[in-house]
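One file, data-v6.cif, carrying mmCIF, C-alpha atoms:
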```cif
data_upload
loop_
_atom_site.group_PDB
_atom_site.id
_atom_site.type_symbol
_atom_site.label_atom_id
_atom_site.label_comp_id
_atom_site.auth_asym_id
_atom_site.auth_seq_id
_atom_site.Cartn_x
_atom_site.Cartn_y
_atom_site.Cartn_z
ATOM 1 C CA PRO A 1 322.594 57.723 137.942
ATOM 2 C CA PRO A 2 326.137 58.117 139.168
ATOM 3 C CA VAL A 3 327.174 61.566 140.322
ATOM 4 C CA SER A 4 328.751 63.471 137.459
ATOM 5 C CA LEU A 5 332.037 65.210 138.125
ATOM 6 C CA SER A 6 331.856 67.169 134.883
ATOM 7 C CA PRO A 7 332.252 70.957 135.005
ATOM 8 C CA ALA A 8 329.379 73.408 135.236
ATOM 9 C CA VAL A 9 327.500 74.239 132.022
ATOM 10 C CA VAL A 10 325.684 77.510 131.284
ATOM 11 C CA THR A 11 322.611 77.163 129.067
ATOM 12 C CA GLU A 12 320.297 80.088 128.295
ATOM 13 C CA GLY A 13 321.554 81.981 131.334
ATOM 14 C CA VAL A 14 321.108 79.041 133.743
ATOM 15 C CA THR A 15 324.136 77.395 135.332
ATOM 16 C CA PHE A 16 323.942 73.626 135.715
ATOM 17 C CA VAL A 17 326.363 71.952 138.112
ATOM 18 C CA PRO A 18 326.832 68.323 139.133
ATOM 19 C CA VAL A 19 325.158 67.134 142.318
ATOM 20 C CA ALA A 20 328.655 66.573 143.693
ATOM 21 C CA TYR A 21 329.098 70.356 143.759
ATOM 22 C CA PHE A 22 326.368 70.600 146.417
ATOM 23 C CA THR A 23 327.527 67.619 148.451
ATOM 24 C CA ASP A 24 331.321 67.774 148.101
ATOM 25 C CA VAL A 25 332.038 71.477 147.659
ATOM 26 C CA LEU A 26 329.212 73.259 149.486
ATOM 27 C CA LYS A 27 328.763 70.409 152.008
ATOM 28 C CA GLU A 28 324.999 70.640 151.629
ATOM 29 C CA ASN A 29 322.517 67.860 152.263
ATOM 30 C CA ALA A 30 321.516 67.089 148.663
ATOM 31 C CA ARG A 31 319.777 64.166 147.043
ATOM 32 C CA TYR A 32 318.928 63.434 143.405
ATOM 33 C CA ASP A 33 315.795 61.390 142.815
ATOM 34 C CA LEU A 34 314.749 59.910 139.520
ATOM 35 C CA ALA A 35 311.011 60.344 139.458
ATOM 36 C CA GLU A 36 308.219 60.476 136.933
ATOM 37 C CA TYR A 37 306.702 63.374 138.814
ATOM 38 C CA THR A 38 307.174 65.412 141.915
ATOM 39 C CA TYR A 39 304.769 66.436 144.625
ATOM 40 C CA ILE A 40 306.952 69.328 145.698
ATOM 41 C CA GLY A 41 306.382 72.852 144.426
ATOM 42 C CA GLY A 42 302.760 72.526 143.390
ATOM 43 C CA GLY A 43 301.237 71.440 140.119
ATOM 44 C CA ASP A 44 301.804 68.280 138.209
ATOM 45 C CA ALA A 45 305.090 69.120 136.495
ATOM 46 C CA LEU A 46 306.607 66.115 134.766
ATOM 47 C CA VAL A 47 310.324 65.802 135.336
ATOM 48 C CA ASP A 48 313.089 63.343 134.552
ATOM 49 C CA GLY A 49 314.444 63.849 138.030
ATOM 50 C CA ILE A 50 314.548 66.387 140.796
ATOM 51 C CA LEU A 51 317.424 67.686 142.851
ATOM 52 C CA ARG A 52 316.498 68.374 146.437
ATOM 53 C CA VAL A 53 318.909 70.484 148.428
ATOM 54 C CA TYR A 54 318.499 71.114 152.139
ATOM 55 C CA GLY A 55 320.657 73.547 154.091
ATOM 56 C CA LYS A 56 323.414 72.816 156.556
ATOM 57 C CA GLU A 57 321.154 73.740 159.460
ATOM 58 C CA GLY A 58 319.880 70.183 159.429
ATOM 59 C CA ALA A 59 316.411 68.715 159.496
ATOM 60 C CA GLY A 60 314.606 72.010 160.082
ATOM 61 C CA ASN A 61 314.465 72.506 156.335
ATOM 62 C CA PHE A 62 312.611 69.229 155.925
ATOM 63 C CA GLU A 63 309.644 70.745 157.750
ATOM 64 C CA THR A 64 309.584 73.504 155.119
ATOM 65 C CA ALA A 65 309.901 70.987 152.287
ATOM 66 C CA ALA A 66 307.052 68.895 153.733
ATOM 67 C CA ALA A 67 304.824 71.987 153.809
ATOM 68 C CA LEU A 68 305.259 72.272 150.024
ATOM 69 C CA VAL A 69 303.966 68.770 149.340
ATOM 70 C CA GLU A 70 300.521 68.871 147.784
ATOM 71 C CA LYS A 71 297.993 67.210 150.063
ATOM 72 C CA PRO A 72 295.846 64.442 148.566
ATOM 73 C CA LEU A 73 292.146 65.061 147.997
ATOM 74 C CA THR A 74 291.141 61.390 148.166
ATOM 75 C CA GLU A 75 291.935 58.413 150.373
ATOM 76 C CA ASP A 76 293.217 56.474 147.377
ATOM 77 C CA ALA A 77 295.607 59.304 146.471
ATOM 78 C CA CYS A 78 296.869 59.492 150.058
ATOM 79 C CA ALA A 79 297.651 55.763 150.188
ATOM 80 C CA GLU A 80 299.249 55.874 146.727
ATOM 81 C CA MET A 81 301.404 58.924 147.578
ATOM 82 C CA TYR A 82 302.599 57.256 150.767
ATOM 83 C CA ALA A 83 303.455 53.991 148.997
ATOM 84 C CA ASP A 84 305.289 55.856 146.252
ATOM 85 C CA GLY A 85 307.201 57.866 148.873
ATOM 86 C CA VAL A 86 308.241 54.616 150.574
ATOM 87 C CA LYS A 87 309.362 53.134 147.258
ATOM 88 C CA ARG A 88 311.437 56.235 146.494
ATOM 89 C CA ARG A 89 312.695 56.383 150.123
ATOM 90 C CA ASP A 90 311.322 59.917 150.318
ATOM 91 C CA GLY A 91 310.711 60.646 153.980
ATOM 92 C CA VAL A 92 309.626 64.213 153.203
ATOM 93 C CA VAL A 93 306.570 62.998 151.269
ATOM 94 C CA GLN A 94 305.799 60.395 153.927
ATOM 95 C CA TYR A 95 306.114 62.954 156.729
ATOM 96 C CA ALA A 96 303.974 65.485 154.838
ATOM 97 C CA LEU A 97 301.116 62.964 154.775
ATOM 98 C CA TYR A 98 301.206 62.327 158.524
ATOM 99 C CA SER A 99 298.732 63.782 161.000
ATOM 100 C CA ASP A 100 300.157 66.240 163.531
ATOM 101 C CA ALA A 101 300.332 63.515 166.202
ATOM 102 C CA LEU A 102 302.103 61.063 163.879
ATOM 103 C CA ARG A 103 304.531 63.797 162.794
ATOM 104 C CA GLU A 104 305.406 64.516 166.409
ATOM 105 C CA ALA A 105 305.956 60.825 167.123
ATOM 106 C CA SER A 106 308.127 60.187 164.057
ATOM 107 C CA TYR A 107 310.060 63.432 163.551
ATOM 108 C CA ALA A 108 313.184 62.487 165.543
ATOM 109 C CA GLY A 109 313.662 59.195 163.707
ATOM 110 C CA LEU A 110 313.167 60.759 160.293
ATOM 111 C CA ALA A 111 315.445 63.693 161.082
ATOM 112 C CA GLU A 112 318.159 61.296 162.236
ATOM 113 C CA SER A 113 318.119 59.651 158.795
ATOM 114 C CA ALA A 114 317.939 63.033 156.972
ATOM 115 C CA PHE A 115 314.414 62.083 155.930
ATOM 116 C CA SER A 116 315.664 59.272 153.722
ATOM 117 C CA THR A 117 313.781 56.077 154.489
ATOM 118 C CA GLY A 118 314.573 52.510 153.568
ATOM 119 C CA VAL A 119 317.928 50.906 152.899
ATOM 120 C CA SER A 120 319.962 50.165 149.793
ATOM 121 C CA SER A 121 319.222 46.449 150.023
ATOM 122 C CA PRO A 122 316.657 45.089 150.147
ATOM 123 C CA TRP A 123 314.544 47.736 148.420
ATOM 124 C CA VAL A 124 310.905 48.112 147.437
ATOM 125 C CA GLU A 125 310.689 47.028 143.804
ATOM 126 C CA SER A 126 306.948 47.592 143.509
ATOM 127 C CA TYR A 127 303.897 47.959 145.707
ATOM 128 C CA GLU A 128 300.139 47.648 145.841
ATOM 129 C CA ALA A 129 297.869 49.949 147.821
ATOM 130 C CA GLU A 130 294.629 48.152 148.702
ATOM 131 C CA ARG A 131 291.618 49.405 150.644
ATOM 132 C CA VAL A 132 290.880 46.861 153.382
ATOM 133 C CA GLY A 133 288.279 48.737 155.418
ATOM 134 C CA GLU A 134 286.759 52.106 156.104
ATOM 135 C CA HIS A 135 289.662 54.596 155.971
ATOM 136 C CA THR A 136 292.113 51.672 156.128
ATOM 137 C CA TYR A 137 294.637 50.599 153.495
ATOM 138 C CA GLN A 138 297.284 47.949 153.269
ATOM 139 C CA ILE A 139 300.460 48.738 151.414
ATOM 140 C CA ILE A 140 301.997 45.518 150.128
ATOM 141 C CA LYS A 141 305.667 46.114 149.403
ATOM 142 C CA HIS A 142 307.287 43.654 146.993
ATOM 143 C CA MET A 143 310.904 43.509 148.107
ATOM 144 C CA LYS A 144 313.966 42.898 145.959
ATOM 145 C CA THR A 145 317.658 42.364 146.583
ATOM 146 C CA SER A 146 320.656 41.875 144.335
ATOM 147 C CA ALA A 147 321.127 38.357 145.734
ATOM 148 C CA PRO A 148 319.326 35.502 143.984
ATOM 149 C CA GLY A 149 316.051 34.311 145.432
ATOM 150 C CA THR A 150 312.808 35.894 146.473
ATOM 151 C CA LEU A 151 312.007 37.878 149.558
ATOM 152 C CA PRO A 152 308.706 37.882 151.414
ATOM 153 C CA ASP A 153 306.452 40.861 150.873
ATOM 154 C CA GLU A 154 306.240 43.422 153.652
ATOM 155 C CA VAL A 155 302.820 44.751 154.626
ATOM 156 C CA VAL A 156 302.005 48.058 156.300
ATOM 157 C CA THR A 157 298.500 49.099 157.362
ATOM 158 C CA LEU A 158 297.531 52.765 157.160
ATOM 159 C CA THR A 159 294.632 54.397 158.966
ATOM 160 C CA LEU A 160 293.590 57.574 157.177
ATOM 161 C CA ALA A 161 291.597 60.562 158.380
ATOM 162 C CA ARG A 162 290.189 63.655 156.740
ATOM 163 C CA ASP A 163 291.813 66.982 157.596
ATOM 164 C CA GLY A 164 289.565 69.622 156.053
ATOM 165 C CA GLU A 165 289.407 68.894 152.345
ATOM 166 C CA TYR A 166 292.557 66.723 152.426
ATOM 167 C CA TRP A 167 293.432 63.227 153.654
ATOM 168 C CA GLU A 168 296.281 62.331 155.975
ATOM 169 C CA ILE A 169 297.751 59.280 157.710
ATOM 170 C CA GLU A 170 296.594 58.947 161.297
ATOM 171 C CA ALA A 171 298.343 55.657 162.130
ATOM 172 C CA ILE A 172 300.793 53.163 160.601
ATOM 173 C CA GLU A 173 301.108 49.543 161.707
ATOM 174 C CA ASP A 174 303.794 47.119 160.463
#
```

Show the structure stored in the file as structure tokens.
Amino acid sequence: PPVSLSPAVVTEGVTFVPVAYFTDVLKENARYDLAEYTYIGGGDALVDGILRVYGKEGAGNFETAAALVEKPLTEDACAEMYADGVKRRDGVVQYALYSDALREASYAGLAESAFSTGVSSPWVESYEAERVGEHTYQIIKHMKTSAPGTLPDEVVTLTLARDGEYWEIEAIED
């Protein structure tokens, strides 16, 4: 939704302010995501949307945010979480699913984009996560643009590995 410029509202002792307050007034790195659910903060809380605010210090806070992402217990959940993170352009979720080696290799690029992945157009309209081998999944991204016509699907191959009781992404190939 568009950023509201309406004034703050106090409801039951909680002050609600527009996202623009964080970005325009406080000069914070803030992003509003419409989501059916969130992986951040534990549990399976259903939300209409979530406001993520990261401090002025830069990408260091993304490491903290990634640590709060619940790790998947199954390979299927890992592939699905990654694909959903790509669709929502949520680099924090993607990064949280990476192995230590993949995190090290991709941190600079993600930090440069403030952990927002993808572009405004074309975008991922939908996706399919398919197992194609042992610990290997293909994410088929169905792309969309505002221009007429169809775009070819984009395919990414994930190699997953177990890390204790959780699953993580060991490698990504375009």

>> Since I can't run it myself right now, could you work out what the PyMOL selection byres ((chain A and resi 171) around 7) selects here and report it as a list of chain:residue names?
In response: A:Leu102, A:Leu158, A:Thr159, A:Ile169, A:Glu170, A:Ile172, A:Glu173

> Once the PyMOL selection byres ((chain A and resi 163) around 12) has been applied to the shown file, what residues remain in the selection, as an NGL selection string?
Replying inline: :A and (71-75 or 78 or 97-100 or 160-162 or 164-170)

> How many Å separate CA of Ala108 in chain A from CA of Leu151 in chain A?
Replying inline: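 So the two atoms, CA of Ala108 in chain A and CA of Leu151 in chain A, lie 29.4 Å apart.
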
>> If we draw a sphere of 12 Å around (313.6, 61.7, 161.3), which residues have at least one atom in it when counting all atoms listed in the file? Please report them as a list in words.
In response: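 With a cut-off of 12 Å, the residues come to Gly58, Ala59, Gly60, Asn61, Phe62, Glu63, Asp90, Gly91, Val92, Gln94, Tyr95, Leu102, Arg103, Glu104, Ala105, Ser106, Tyr107, Ala108, Gly109, Leu110, Ala111, Glu112, Ser113, Ala114, Phe115, Ser116 and Thr117 of chain A.
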
>> Quick check on the file I pasted: which residues fall under the PyMOL selection byres ((chain A and resi 145-149) around 10)? Write them as a ChimeraX atom specification.
In response: /A:120-125,143-144,150-151

With C-alpha atoms retained, export the selected residues as a short mmCIF file (atom, residue, chain, number, x, y, z; two decimals), in the frame of the given file.
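Now in again04.cif:
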```
data_model
loop_
_atom_site.label_atom_id
_atom_site.label_comp_id
_atom_site.auth_asym_id
_atom_site.auth_seq_id
_atom_site.Cartn_x
_atom_site.Cartn_y
_atom_site.Cartn_z
CA SER A 120 319.96 50.16 149.79
CA SER A 121 319.22 46.45 150.02
CA PRO A 122 316.66 45.09 150.15
CA TRP A 123 314.54 47.74 148.42
CA VAL A 124 310.90 48.11 147.44
CA GLU A 125 310.69 47.03 143.80
CA MET A 143 310.90 43.51 148.11
CA LYS A 144 313.97 42.90 145.96
CA THR A 150 312.81 35.89 146.47
CA LEU A 151 312.01 37.88 149.56
#
```

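Counting from CA of Ala83 in chain A, the distance to CA of Ala67 in chain A is 18.7 Å.
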
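Between Gly133 in chain A and the candidates A:Glu70, A:Val10, A:Thr157, A:Val93, the tightest atom-to-atom separation, counting only C-alpha atoms, involves A:Thr157.
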
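Minimum atom-to-atom distance to Glu128 in chain A, evaluated using only C-alpha atoms, belongs to A:Ile140 out of A:Ala96, A:Val9, A:Val17, A:Ile140.
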
>> At a cut-off of 10 Å, using only C-alpha atoms, what residues contact Ala129 in chain A? Leave out same-chain residues fewer than 5 positions from it and give the result as a list in words.
In response: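 That gives Asp76, Ala77, Cys78, Ala79, Glu80, Met81, Tyr82, Ala83, Asp84, Tyr137, Gln138, Ile139, Ile140, Lys141, Val155, Val156, Thr157 and Leu158 of chain A.
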
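For the atom pair formed by CA of Asp174 in chain A and CA of Glu154 in chain A, the distance is 8.1 Å, given to one decimal.
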
Using only the atoms of range 149-152 of chain A listed in the file, plus 8 Å on each side, state the axis-aligned box centre and edge lengths in Å rounded to one decimal, as JSON.
```
{"center_x": 312.4, "center_y": 36.1, "center_z": 148.4, "size_x": 23.3, "size_y": 19.6, "size_z": 22.0}
```
